[in-house]
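Below is entry.txt, which holds compact mmCIF, C-alpha atoms.
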```txt
# COMPACT_ATOMS: atom_id res chain seq x y z
CA MET A 1 0.00 0.00 0.00
CA PRO A 2 1.54 3.36 -0.96
CA PRO A 3 2.03 5.70 1.99
CA VAL A 4 -0.42 8.57 2.14
CA VAL A 5 1.37 11.85 2.21
CA PRO A 6 -1.11 14.49 3.36
CA GLY A 7 -1.27 17.45 1.04
CA SER A 8 0.77 15.74 -1.64
CA GLU A 9 0.24 17.37 -5.00
CA SER A 10 -0.97 14.18 -6.55
CA SER A 11 -4.08 13.84 -4.39
CA ALA A 12 -5.08 17.45 -5.08
CA ALA A 13 -4.49 16.93 -8.81
CA LEU A 14 -6.54 13.74 -8.73
CA LEU A 15 -9.41 15.51 -7.00
CA ALA A 16 -9.34 18.24 -9.66
CA ALA A 17 -9.47 15.57 -12.38
CA ILE A 18 -12.38 13.87 -10.59
CA ALA A 19 -14.24 17.18 -10.57
CA ALA A 20 -13.87 17.18 -14.37
CA GLY A 21 -15.40 13.69 -14.55
CA ASP A 22 -12.22 11.62 -14.88
CA ARG A 23 -13.07 8.05 -13.80
CA ASP A 24 -9.46 6.83 -13.80
CA ALA A 25 -8.53 9.65 -11.47
CA PHE A 26 -11.35 8.56 -9.17
CA SER A 27 -10.05 5.00 -9.23
CA ARG A 28 -6.53 6.14 -8.31
CA PHE A 29 -7.78 8.50 -5.60
CA TYR A 30 -9.79 5.65 -4.14
CA ASP A 31 -6.80 3.30 -4.09
CA LEU A 32 -4.71 5.98 -2.46
CA THR A 33 -7.13 7.06 0.25
CA ALA A 34 -9.81 4.42 0.83
CA PRO A 35 -7.75 2.29 3.27
CA MET A 36 -7.24 5.33 5.50
CA ALA A 37 -10.93 6.28 5.34
CA PHE A 38 -12.03 2.69 5.91
CA GLY A 39 -9.73 2.28 8.92
CA LEU A 40 -11.35 5.33 10.47
CA ILE A 41 -14.91 4.28 9.64
CA ARG A 42 -14.27 0.81 11.07
CA ARG A 43 -12.98 2.43 14.22
CA VAL A 44 -16.31 4.24 14.63
CA LEU A 45 -18.60 1.45 13.39
CA ARG A 46 -17.78 -2.06 14.48
CA ASP A 47 -20.19 -3.68 12.03
CA PRO A 48 -18.13 -4.33 8.85
CA GLU A 49 -21.19 -4.23 6.59
CA ALA A 50 -22.30 -0.85 7.88
CA ALA A 51 -18.72 0.40 7.55
CA ALA A 52 -18.54 -0.76 3.92
CA GLU A 53 -21.82 1.01 3.17
CA VAL A 54 -20.59 4.23 4.72
CA LEU A 55 -17.34 4.00 2.76
CA GLN A 56 -19.32 3.67 -0.43
CA GLU A 57 -21.50 6.68 0.45
CA VAL A 58 -18.43 8.75 1.26
CA PHE A 59 -16.71 8.01 -2.05
CA TRP A 60 -19.92 8.48 -4.02
CA GLN A 61 -20.01 11.91 -2.44
CA VAL A 62 -16.37 12.43 -3.48
CA TRP A 63 -17.36 11.69 -7.08
CA GLN A 64 -20.28 14.09 -6.95
CA ASP A 65 -18.79 16.90 -4.86
CA ALA A 66 -15.14 16.94 -5.93
CA SER A 67 -15.64 20.36 -7.51
CA ARG A 68 -16.52 21.78 -4.10
CA TYR A 69 -13.13 20.97 -2.64
CA ASP A 70 -11.34 24.18 -1.69
CA PRO A 71 -7.54 23.78 -1.43
CA ALA A 72 -7.36 26.91 0.74
CA ARG A 73 -9.29 25.07 3.47
CA GLY A 74 -7.06 22.03 3.75
CA THR A 75 -5.63 18.95 2.10
CA PRO A 76 -7.77 16.51 0.08
CA GLU A 77 -7.04 13.93 2.77
CA ALA A 78 -8.48 16.21 5.46
CA TRP A 79 -11.51 16.90 3.26
CA LEU A 80 -12.04 13.17 2.88
CA VAL A 81 -11.34 12.20 6.49
CA MET A 82 -13.76 14.82 7.83
CA ARG A 83 -16.50 13.54 5.50
CA ALA A 84 -15.80 9.93 6.40
CA LYS A 85 -15.89 10.76 10.08
CA THR A 86 -19.14 12.75 9.83
CA ARG A 87 -20.89 10.01 7.85
CA ALA A 88 -19.67 7.29 10.19
CA ILE A 89 -20.86 9.20 13.25
CA ASP A 90 -24.24 9.86 11.59
CA ARG A 91 -24.60 6.14 10.99
CA LEU A 92 -23.53 5.35 14.55
CA ARG A 93 -26.20 7.71 15.89
CA SER A 94 -28.89 6.22 13.68
CA ILE A 95 -27.93 2.70 14.79
CA ARG A 96 -28.24 3.80 18.39
CA ARG A 97 -31.62 5.42 17.72
CA ARG A 98 -32.83 2.33 15.91
CA ASP A 99 -31.66 0.05 18.71
CA ARG A 100 -33.66 2.10 21.19
CA THR A 101 -36.79 1.95 19.00
CA PHE A 102 -36.63 -1.51 17.58
CA VAL A 103 -35.01 -3.87 20.03
CA ALA A 104 -38.10 -4.58 22.10
CA PRO A 105 -40.73 -5.39 19.49
CA VAL A 106 -38.86 -6.78 16.51
CA ASP A 107 -36.80 -9.92 16.81
CA GLU A 108 -33.86 -11.60 18.41
CA SER A 109 -31.51 -11.11 15.49
CA VAL A 110 -31.81 -7.36 15.82
CA ALA A 111 -31.64 -7.48 19.59
CA GLN A 112 -28.45 -9.51 19.58
CA ARG A 113 -26.65 -6.95 17.53
CA ARG A 114 -26.97 -4.40 20.23
CA GLU A 115 -24.05 -5.88 22.05
CA ASP A 116 -21.91 -6.01 18.92
CA GLN A 117 -22.52 -2.43 18.14
CA ALA A 118 -22.59 -0.68 21.45
CA PRO A 119 -19.16 0.90 21.36
CA ASN A 120 -17.03 -0.53 24.08
CA PRO A 121 -14.18 1.93 24.39
CA ALA A 122 -11.99 -0.51 26.28
CA VAL A 123 -12.14 -3.06 23.47
CA VAL A 124 -12.08 -0.48 20.70
CA ALA A 125 -8.98 1.09 22.16
CA GLU A 126 -7.22 -2.27 22.17
CA ASP A 127 -7.89 -3.43 18.65
CA ARG A 128 -6.16 -0.84 16.51
CA GLY A 129 -2.48 -1.04 17.23
CA LEU A 130 -1.14 2.01 15.46
CA ILE A 131 -3.83 4.45 16.45
CA GLN A 132 -3.30 3.02 19.89
CA THR A 133 0.42 3.81 19.91
CA ALA A 134 -0.17 7.44 18.91
CA LEU A 135 -3.08 7.84 21.31
CA ALA A 136 -1.31 5.87 24.02
CA GLN A 137 1.25 8.64 24.31
CA LEU A 138 -1.45 10.94 25.63
CA PRO A 139 -2.39 11.23 29.28
CA GLU A 140 -5.51 9.14 29.90
CA ALA A 141 -7.75 12.17 30.46
CA GLN A 142 -6.81 13.78 27.12
CA ARG A 143 -7.09 10.47 25.28
CA ARG A 144 -10.64 9.89 26.54
CA VAL A 145 -11.78 13.33 25.40
CA ILE A 146 -10.39 12.78 21.88
CA GLU A 147 -11.82 9.28 21.60
CA LEU A 148 -15.26 10.28 22.79
CA ALA A 149 -15.38 13.19 20.35
CA PHE A 150 -13.73 11.72 17.27
CA PHE A 151 -14.76 8.09 17.40
CA GLU A 152 -18.08 8.30 19.23
CA GLY A 153 -19.37 11.66 18.07
CA LEU A 154 -20.07 13.18 21.46
CA THR A 155 -20.27 16.95 21.75
CA GLN A 156 -18.13 18.69 24.32
CA SER A 157 -21.00 19.13 26.76
CA GLU A 158 -21.94 15.47 26.37
CA ILE A 159 -18.33 14.53 27.11
CA ALA A 160 -18.34 16.81 30.16
CA ALA A 161 -21.51 15.10 31.41
CA ARG A 162 -20.18 11.61 30.69
CA LEU A 163 -16.90 12.23 32.49
CA GLY A 164 -18.36 14.41 35.21
CA GLU A 165 -15.88 17.18 34.43
CA PRO A 166 -16.44 20.91 33.91
CA LEU A 167 -16.92 21.95 30.26
CA GLY A 168 -13.86 24.22 30.44
CA THR A 169 -11.67 21.26 31.41
CA VAL A 170 -12.96 19.22 28.47
CA LYS A 171 -12.20 22.06 26.06
CA THR A 172 -8.67 22.47 27.34
CA ARG A 173 -8.00 18.73 27.25
CA ALA A 174 -9.20 18.40 23.65
CA ARG A 175 -6.83 21.14 22.60
CA LEU A 176 -3.83 19.89 24.60
CA GLY A 177 -4.51 16.33 23.44
CA LEU A 178 -4.51 17.33 19.77
CA ASP A 179 -1.35 19.41 20.22
CA ARG A 180 0.43 16.48 21.82
CA LEU A 181 -0.88 14.07 19.21
CA ARG A 182 0.41 16.33 16.44
CA ALA A 183 3.85 16.26 18.03
CA ALA A 184 3.68 12.48 18.42
CA LEU A 185 2.51 11.82 14.86
CA GLY A 186 4.96 14.35 13.44
CA GLY A 187 7.75 12.62 15.33
CA GLU A 188 6.74 9.24 13.95
CA ARG A 189 6.63 10.52 10.42
CA LEU A 190 10.08 12.07 10.77
CA SER A 191 11.51 8.92 12.26
CA ALA A 192 9.99 6.90 9.42
CA ILE A 193 11.96 8.95 6.90
CA MET B 1 -10.56 36.33 20.46
CA ASN B 2 -7.04 35.37 21.45
CA ARG B 3 -4.92 32.68 19.90
CA ASP B 4 -5.42 30.16 22.74
CA GLU B 5 -9.15 30.48 22.47
CA ILE B 6 -8.97 30.04 18.69
CA GLY B 7 -6.82 26.94 19.20
CA GLU B 8 -9.37 25.49 21.59
CA LEU B 9 -12.31 26.20 19.30
CA ALA B 10 -10.44 24.82 16.27
CA ALA B 11 -9.59 21.58 18.09
CA ALA B 12 -13.22 21.09 19.11
CA TYR B 13 -14.40 22.03 15.62
CA ALA B 14 -12.17 19.46 13.93
CA LEU B 15 -13.10 16.80 16.47
CA GLY B 16 -16.75 17.53 15.72
CA GLY B 17 -17.72 18.41 19.30
CA LEU B 18 -18.27 22.14 18.94
CA GLU B 19 -21.88 23.24 19.50
CA GLY B 20 -24.23 26.14 20.12
CA GLU B 21 -22.87 29.64 20.38
CA ASP B 22 -19.23 28.50 20.18
CA LEU B 23 -19.93 26.78 16.88
CA ALA B 24 -21.78 29.79 15.43
CA ARG B 25 -19.01 32.14 16.51
CA PHE B 26 -16.26 29.97 15.10
CA GLU B 27 -18.02 29.31 11.81
CA ALA B 28 -18.50 33.05 11.37
CA LEU B 29 -14.77 33.46 11.90
CA LEU B 30 -14.00 30.82 9.27
CA ARG B 31 -16.45 32.33 6.79
CA ALA B 32 -14.76 35.68 7.28
CA GLY B 33 -11.51 33.93 6.30
CA ASP B 34 -9.74 34.66 9.60
CA ALA B 35 -6.19 33.44 8.90
CA ASP B 36 -5.49 32.20 12.45
CA ALA B 37 -8.74 30.26 12.60
CA VAL B 38 -8.28 28.69 9.16
CA ARG B 39 -4.70 27.70 10.00
CA ALA B 40 -5.70 26.30 13.41
CA VAL B 41 -8.42 24.15 11.80
CA ARG B 42 -5.99 22.91 9.14
CA ASP B 43 -3.48 21.94 11.83
CA SER B 44 -6.09 20.11 13.88
CA GLU B 45 -7.52 18.35 10.83
CA ASP B 46 -4.06 17.31 9.63
CA THR B 47 -3.44 15.79 13.05
CA LEU B 48 -6.65 13.79 12.78
CA VAL B 49 -5.67 12.70 9.25
CA GLY B 50 -2.42 11.47 10.78
CA LEU B 51 -4.42 9.54 13.34
CA ALA B 52 -6.56 7.93 10.62
CA ALA B 53 -3.59 7.29 8.33
CA ALA B 54 -1.81 5.46 11.15
CA ALA B 55 -4.36 2.63 11.07
CA PRO B 56 -5.41 1.95 7.49
CA GLU B 57 -7.58 -1.05 6.73
CA PRO B 58 -8.05 -2.53 3.25
CA PRO B 59 -11.71 -2.06 2.30
CA PRO B 60 -13.70 -4.98 0.87
CA PRO B 61 -13.13 -5.09 -2.94
CA ALA B 62 -16.90 -5.07 -3.51
CA VAL B 63 -17.07 -1.42 -2.44
CA LYS B 64 -14.81 -0.20 -5.23
CA ALA B 65 -16.48 -2.49 -7.75
CA ALA B 66 -19.90 -1.07 -6.83
CA LEU B 67 -18.64 2.51 -7.01
CA MET B 68 -16.98 2.07 -10.40
CA ALA B 69 -20.12 0.43 -11.77
CA ARG B 70 -22.27 3.24 -10.42
CA ILE B 71 -19.97 5.85 -11.90
CA ALA B 72 -19.85 4.09 -15.26
CA ALA B 73 -23.66 4.17 -15.26
CA THR B 74 -23.84 7.95 -14.74
CA PRO B 75 -24.15 9.72 -18.05
CA ALA B 76 -21.67 12.53 -18.43
CA THR B 77 -24.51 15.06 -18.67
CA VAL B 78 -25.56 14.42 -15.08
CA ARG B 79 -22.43 16.13 -13.81
CA PRO B 80 -23.16 19.76 -12.93
CA LEU B 81 -22.66 21.92 -16.00
CA PRO B 82 -21.22 25.40 -15.75
CA ARG B 83 -23.92 28.08 -15.85
CA ARG B 84 -24.35 30.09 -19.02
CA PRO B 85 -21.73 32.84 -18.85
CA ARG B 86 -23.18 36.16 -17.79
CA ALA B 87 -20.45 38.01 -19.65
CA LEU B 88 -22.53 37.55 -22.80
CA TRP B 89 -25.01 40.27 -21.85
CA PRO B 90 -22.70 43.29 -21.84
CA ALA B 91 -21.53 42.29 -25.31
CA VAL B 92 -25.12 42.04 -26.54
CA LEU B 93 -26.08 45.35 -24.97
CA THR B 94 -23.20 47.32 -26.40
CA GLY B 95 -23.46 45.65 -29.81
CA ALA B 96 -27.18 45.91 -30.47
CA MET B 97 -29.01 48.97 -31.76
CA ALA B 98 -32.24 49.93 -29.98
CA ALA B 99 -34.51 48.16 -32.51
CA GLY B 100 -32.31 45.12 -32.64
CA LEU B 101 -32.27 45.04 -28.88
CA ALA B 102 -36.07 45.27 -28.70
CA ALA B 103 -36.36 42.40 -31.18
CA VAL B 104 -33.99 40.34 -29.13
CA VAL B 105 -35.96 41.03 -25.95
CA VAL B 106 -39.36 40.32 -27.55
CA GLY B 107 -38.05 37.20 -29.23
CA TRP B 108 -36.55 36.03 -25.99
CA SER B 109 -39.75 36.63 -24.04
CA VAL B 110 -41.94 34.89 -26.67
CA SER B 111 -39.64 31.93 -26.83
CA SER B 112 -39.48 31.76 -23.06
CA THR B 113 -43.32 31.70 -22.90
CA TYR B 114 -43.38 28.78 -25.32
CA GLU B 115 -40.58 27.06 -23.47
CA LYS B 116 -42.66 27.28 -20.31
CA ARG B 117 -45.73 25.81 -22.02
CA LEU B 118 -43.67 23.04 -23.53
CA ASP B 119 -42.20 22.35 -20.12
CA ALA B 120 -45.69 22.18 -18.60
CA LEU B 121 -46.90 19.80 -21.33
CA ALA B 122 -43.83 17.63 -20.95
CA GLN B 123 -44.44 17.57 -17.23
CA SER B 124 -48.07 16.49 -17.44
CA GLY B 125 -47.12 13.84 -20.02
CA GLU B 126 -44.44 12.59 -17.67
CA GLN B 127 -46.95 12.51 -14.80
CA LEU B 128 -49.37 10.39 -16.83
CA ARG B 129 -46.63 8.00 -17.85
CA ALA B 130 -45.51 7.73 -14.21
CA GLU B 131 -49.09 6.94 -13.09
CA LEU B 132 -49.41 4.31 -15.77
CA ARG B 133 -46.11 2.74 -14.80
CA SER B 134 -47.09 2.61 -11.14
CA GLN B 135 -50.49 1.01 -11.91
CA GLN B 136 -48.85 -1.55 -14.18
CA ALA B 137 -46.38 -2.29 -11.41
CA VAL B 138 -49.23 -2.84 -8.92
CA ILE B 139 -50.97 -5.28 -11.25
CA ALA B 140 -47.74 -7.16 -11.91
CA ILE B 141 -47.11 -7.48 -8.18
CA LEU B 142 -50.62 -8.80 -7.50
CA ARG B 143 -50.32 -11.41 -10.24
CA ASP B 144 -46.89 -12.74 -9.26
CA PRO B 145 -46.83 -15.89 -7.06
CA ALA B 146 -43.49 -14.73 -5.57
CA THR B 147 -45.29 -11.83 -3.89
CA GLN B 148 -45.23 -11.98 -0.09
CA VAL B 149 -48.36 -10.81 1.71
CA VAL B 150 -47.68 -9.58 5.22
CA ALA B 151 -50.38 -8.58 7.69
CA LEU B 152 -49.45 -5.83 10.12
CA ALA B 153 -51.26 -5.51 13.45
CA GLY B 154 -51.77 -2.37 15.52
CA LEU B 155 -49.49 -1.76 18.52
CA PRO B 156 -50.43 0.10 21.75
CA PRO B 157 -50.60 3.63 20.22
CA ALA B 158 -53.28 2.38 17.76
CA PRO B 159 -54.48 -1.10 18.78
CA GLY B 160 -57.30 -1.01 16.23
CA ALA B 161 -55.05 -0.30 13.25
CA ARG B 162 -54.52 -2.95 10.55
CA ALA B 163 -52.42 -3.03 7.40
CA ARG B 164 -51.37 -5.29 4.55
CA MET B 165 -48.12 -5.25 2.63
CA MET B 166 -47.87 -6.98 -0.72
CA TRP B 167 -44.14 -7.21 -1.28
CA HIS B 168 -42.12 -8.40 -4.23
CA ALA B 169 -38.33 -8.08 -3.96
CA GLN B 170 -37.77 -7.18 -7.63
CA ALA B 171 -40.93 -5.22 -8.32
CA GLY B 172 -41.49 -3.39 -5.05
CA GLY B 173 -44.73 -3.43 -3.16
CA VAL B 174 -48.10 -2.02 -2.32
CA PHE B 175 -48.99 -1.08 1.22
CA VAL B 176 -52.46 -0.29 2.54
CA ALA B 177 -53.36 0.67 6.10
CA ALA B 178 -56.61 1.36 7.95
CA GLY B 179 -57.61 2.52 11.41
CA LEU B 180 -54.65 4.83 11.99
CA PRO B 181 -55.19 8.15 13.80
CA ALA B 182 -54.49 11.27 11.72
CA PRO B 183 -50.85 12.18 12.36
CA PRO B 184 -50.28 15.41 14.33
CA PRO B 185 -49.20 18.46 12.27
CA GLY B 186 -45.64 18.10 10.95
CA LYS B 187 -45.69 14.33 11.38
CA ALA B 188 -46.25 11.43 9.02
CA TYR B 189 -46.14 7.66 9.13
CA GLN B 190 -43.03 5.95 7.83
CA LEU B 191 -42.89 2.35 6.65
CA TRP B 192 -39.77 0.26 7.36
CA ALA B 193 -38.58 -2.99 5.87
CA ILE B 194 -36.44 -5.14 8.14
CA ALA B 195 -34.39 -7.88 6.49
CA GLY B 196 -32.45 -10.25 8.72
CA SER B 197 -30.20 -8.39 11.08
CA ASN B 198 -29.76 -5.36 8.83
CA ALA B 199 -30.77 -1.87 9.84
CA PRO B 200 -34.41 -1.07 8.97
CA VAL B 201 -34.67 0.42 5.48
CA SER B 202 -37.18 3.19 4.84
CA ALA B 203 -39.86 2.12 2.40
CA GLY B 204 -41.44 5.56 2.26
CA VAL B 205 -43.64 8.02 4.08
CA PHE B 206 -47.43 8.21 4.00
CA THR B 207 -50.31 9.91 5.69
CA VAL B 208 -53.94 8.91 6.21
CA ASP B 209 -57.29 10.40 5.20
CA ALA B 210 -60.11 11.35 7.56
CA ALA B 211 -61.23 7.71 7.72
CA GLY B 212 -57.78 6.63 8.88
CA THR B 213 -56.92 4.92 5.59
CA GLY B 214 -53.61 5.34 3.82
CA SER B 215 -51.61 3.65 1.09
CA LEU B 216 -48.12 3.68 -0.32
CA SER B 217 -46.52 2.22 -3.38
CA VAL B 218 -43.01 1.05 -2.61
CA ARG B 219 -40.16 0.77 -5.08
CA PRO B 220 -37.76 -2.15 -4.87
CA LEU B 221 -35.36 -1.42 -2.03
CA PRO B 222 -31.68 -1.66 -2.97
CA GLY B 223 -30.02 -4.51 -1.11
CA VAL B 224 -33.28 -5.82 0.34
CA SER B 225 -34.67 -9.11 -0.95
CA THR B 226 -36.57 -11.23 1.56
CA VAL B 227 -38.11 -9.06 4.22
CA ASN B 228 -38.65 -10.50 7.69
CA ALA B 229 -40.79 -7.72 9.07
CA PHE B 230 -42.49 -4.49 8.13
CA ALA B 231 -43.12 -1.79 10.70
CA VAL B 232 -44.70 1.67 10.76
CA THR B 233 -43.49 4.45 13.03
CA LEU B 234 -44.57 8.06 13.49
CA GLU B 235 -41.83 10.40 12.27
CA PRO B 236 -41.29 14.02 11.18
CA ALA B 237 -43.21 14.69 7.95
CA GLY B 238 -40.29 14.18 5.55
CA GLY B 239 -39.26 10.88 7.12
CA LEU B 240 -35.91 9.99 8.66
CA PRO B 241 -33.06 7.72 7.53
CA ALA B 242 -33.63 5.53 10.61
CA PRO B 243 -36.69 5.08 12.82
CA SER B 244 -36.92 7.33 15.87
CA GLY B 245 -40.60 7.55 16.82
CA GLU B 246 -43.21 5.28 18.34
CA MET B 247 -44.16 2.13 16.46
CA TYR B 248 -47.80 1.90 15.33
CA LEU B 249 -47.90 -1.25 13.23
CA LEU B 250 -45.77 -4.36 13.02
CA GLY B 251 -46.01 -7.52 10.95
CA LYS B 252 -43.59 -10.39 10.45
CA SER B 253 -43.62 -12.45 7.31
```
With the file now loaded, output its structure as structure tokens.
Amino acid sequence: MPPVVPGSESSAALLAAIAAGDRDAFSRFYDLTAPMAFGLIRRVLRDPEAAAEVLQEVFWQVWQDASRYDPARGTPEAWLVMRAKTRAIDRLRSIRRRDRTFVAPVDESVAQRREDQAPNPAVVAEDRGLIQTALAQLPEAQRRVIELAFFEGLTQSEIAARLGEPLGTVKTRARLGLDRLRAALGGERLSAI
Amino acid sequence: MNRDEIGELAAAYALGGLEGEDLARFEALLRAGDADAVRAVRDSEDTLVGLAAAAPEPPPPAVKAALMARIAATPATVRPLPRRPRALWPAVLTGAMAAGLAAVVVGWSVSSTYEKRLDALAQSGEQLRAELRSQQAVIAILRDPATQVVALAGLPPAPGARARMMWHAQAGGVFVAAGLPAPPPGKAYQLWAIAGSNAPVSAGVFTVDAAGTGSLSVRPLPGVSTVNAFAVTLEPAGGLPAPSGEMYLLGKS
């Protein structure tokens, strides 16, 4: 798998070609970025089928909306990752809503899935080694805030309520956590070169 | 707003947890093109890209195959076309004499009147064809032995309600309901198809007349073949991607 270099010229050029309707460019952009997007979606949604559906929706949106990408706002990878994350969280929320509505009256097969899909942060945190190493460098309190926001879609006040911490503390931790993560990831990238 | 505060808002924005007044304030800043805010968001987003890129996972090959097939099936004309350039008008205005200009304007307005009438005719023709297609589809469904007939019974919010779903995986289905209360303003009933352990798929939204009767013709649902249960919930008028409201009817096949 080729390494993804954020902001590399090629991904921006590919996105421009996609906007002009170039199917080969779409195919190359997919090969380059889908594993990253899918890793993230799988981290949010444990159900592989739901994750595959979300991935397909995200890339269909890439095909349709490529002309709306604005290079001044960020890299194509960031554009894609933010879309993948938003879609995955939307799906997670709708699964949770559906579980609340449907578990009682429908049938066992739906009810059983509840356990599969209820995010279990302890397990989730274990099963992705590399994300784990980057996140593991953060103090526990900062790591929780980032996980709850990015992988479970909680707002800052929901996180504050869940952790029983003041909102101000949550805000500060999110910021410090991201700063530290940037340093950690930057360090890894440098050491890889 | 100082730099620390911008950093905090940008981190929360990229993580997706910013809300309420903070969100409104920060989005206004971004719209205004505030350089610090834009840079802070880029930094935060790049960090999150790094986080995602650190744990890639090969997607199932079927996803790409489906996408490429879907793209190949889109005619090139469906892609948004650039709007007619406005720069044409100044050239016309400066170039045309008064009479010529008047002729252009009259011609344009006459042709636009006819275009509108043609559009209206085309629309009503299209409506008739659509009605015909849907009635033919209903007849085909009723005649096909592969059609499943599912009876739905009323649940506590409307114990007297009853409904029937005639469902055919390839052709779609016809749904009729009776004995439902009129939905409150802004609400409608939404029909769901539940296949195996998949998430319920919306089969459409309907409302009922004064007698409590309603019907819905359902297109084939992508990815849904044999349906194990149909259910009706009360939802906001436009329907939702996943059920959220109380269930009124349920029937298992």
Q: Select residues of chain A: the criterion is any atom within 7 Å of an atom of chain B, counting all atoms listed in the file; output as a PyMOL selection string.
A: chain A and resi 34-36+38-40+52+56+60+73-74+77-78+81+94+97-98+101+109-110+128+130-131+149-150+153-156+171-172+174-175+178+181-182+185
Write the residues of the selection above to a file with C-alpha atoms, as a PDB file, in the frame of the given file.
```pdb
ATOM      1  CA  ALA A  34      -9.810   4.420   0.830  1.00  0.00           C
ATOM      2  CA  PRO A  35      -7.750   2.290   3.270  1.00  0.00           C
ATOM      3  CA  MET A  36      -7.240   5.330   5.500  1.00  0.00           C
ATOM      4  CA  PHE A  38     -12.030   2.690   5.910  1.00  0.00           C
ATOM      5  CA  GLY A  39      -9.730   2.280   8.920  1.00  0.00           C
ATOM      6  CA  LEU A  40     -11.350   5.330  10.470  1.00  0.00           C
ATOM      7  CA  ALA A  52     -18.540  -0.760   3.920  1.00  0.00           C
ATOM      8  CA  GLN A  56     -19.320   3.670  -0.430  1.00  0.00           C
ATOM      9  CA  TRP A  60     -19.920   8.480  -4.020  1.00  0.00           C
ATOM     10  CA  ARG A  73      -9.290  25.070   3.470  1.00  0.00           C
ATOM     11  CA  GLY A  74      -7.060  22.030   3.750  1.00  0.00           C
ATOM     12  CA  GLU A  77      -7.040  13.930   2.770  1.00  0.00           C
ATOM     13  CA  ALA A  78      -8.480  16.210   5.460  1.00  0.00           C
ATOM     14  CA  VAL A  81     -11.340  12.200   6.490  1.00  0.00           C
ATOM     15  CA  SER A  94     -28.890   6.220  13.680  1.00  0.00           C
ATOM     16  CA  ARG A  97     -31.620   5.420  17.720  1.00  0.00           C
ATOM     17  CA  ARG A  98     -32.830   2.330  15.910  1.00  0.00           C
ATOM     18  CA  THR A 101     -36.790   1.950  19.000  1.00  0.00           C
ATOM     19  CA  SER A 109     -31.510 -11.110  15.490  1.00  0.00           C
ATOM     20  CA  VAL A 110     -31.810  -7.360  15.820  1.00  0.00           C
ATOM     21  CA  ARG A 128      -6.160  -0.840  16.510  1.00  0.00           C
ATOM     22  CA  LEU A 130      -1.140   2.010  15.460  1.00  0.00           C
ATOM     23  CA  ILE A 131      -3.830   4.450  16.450  1.00  0.00           C
ATOM     24  CA  ALA A 149     -15.380  13.190  20.350  1.00  0.00           C
ATOM     25  CA  PHE A 150     -13.730  11.720  17.270  1.00  0.00           C
ATOM     26  CA  GLY A 153     -19.370  11.660  18.070  1.00  0.00           C
ATOM     27  CA  LEU A 154     -20.070  13.180  21.460  1.00  0.00           C
ATOM     28  CA  THR A 155     -20.270  16.950  21.750  1.00  0.00           C
ATOM     29  CA  GLN A 156     -18.130  18.690  24.320  1.00  0.00           C
ATOM     30  CA  LYS A 171     -12.200  22.060  26.060  1.00  0.00           C
ATOM     31  CA  THR A 172      -8.670  22.470  27.340  1.00  0.00           C
ATOM     32  CA  ALA A 174      -9.200  18.400  23.650  1.00  0.00           C
ATOM     33  CA  ARG A 175      -6.830  21.140  22.600  1.00  0.00           C
ATOM     34  CA  LEU A 178      -4.510  17.330  19.770  1.00  0.00           C
ATOM     35  CA  LEU A 181      -0.880  14.070  19.210  1.00  0.00           C
ATOM     36  CA  ARG A 182       0.410  16.330  16.440  1.00  0.00           C
ATOM     37  CA  LEU A 185       2.510  11.820  14.860  1.00  0.00           C
TER      38      LEU A 185
END
```
Q. Any idea what's packed within 10 Å of Pro185 of chain B, counting only C-alpha atoms, ignoring anything in its chain fewer than 2 positions away? Could you give it as a list in words?
A.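 So the residues in contact are Ala182, Pro183, Lys187, Ala188, Pro236 and Ala237 of chain B.
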Same residues, C-alpha atoms, saved as an mmCIF file, in the coordinates of the input:
```cif
data_model
loop_
_atom_site.group_PDB
_atom_site.id
_atom_site.type_symbol
_atom_site.label_atom_id
_atom_site.label_comp_id
_atom_site.auth_asym_id
_atom_site.auth_seq_id
_atom_site.Cartn_x
_atom_site.Cartn_y
_atom_site.Cartn_z
ATOM 1 C CA ALA B 182 -54.490 11.270 11.720
ATOM 2 C CA PRO B 183 -50.850 12.180 12.360
ATOM 3 C CA LYS B 187 -45.690 14.330 11.380
ATOM 4 C CA ALA B 188 -46.250 11.430 9.020
ATOM 5 C CA PRO B 236 -41.290 14.020 11.180
ATOM 6 C CA ALA B 237 -43.210 14.690 7.950
#
```
Q. Between B:His168, B:Ser202, B:Ala177, B:Ser215, which has the minimum distance to Ala151 of chain B (counting all atoms listed in the file)?
A. B:Ala177
Listed atoms of segment 164-179 of chain A boxed axis-aligned with 8 Å per side, centre + edges as lines of an AutoDock Vina configuration file:
```
center_x = -9.9
center_y = 19.3
center_z = 27.5
size_x = 33.0
size_y = 25.8
size_z = 31.4
```
Q.
One number please: atom CA of Gln136 of chain B to atom CA of Ala210 of chain B, in Å, one decimal.
A.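 Those two atoms sit 27.7 Å apart.
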Q: Enter the distance from atom CA of Ser27 of chain A to atom CA of Glu53 of chain A, in Å, rounded to one decimal.
A: 17.6 Å
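The interatomic distance for the pair atom CA of Leu191 of chain B and atom CA of Ala51 of chain A works out to 24.3 Å.
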**Q.** Point (-57.8, 5.1, 9.3) neighbourhood (9 Å, all atoms listed in the file) written as a ChimeraX atom specification
**A.** /B:161-162,177-182,208-214
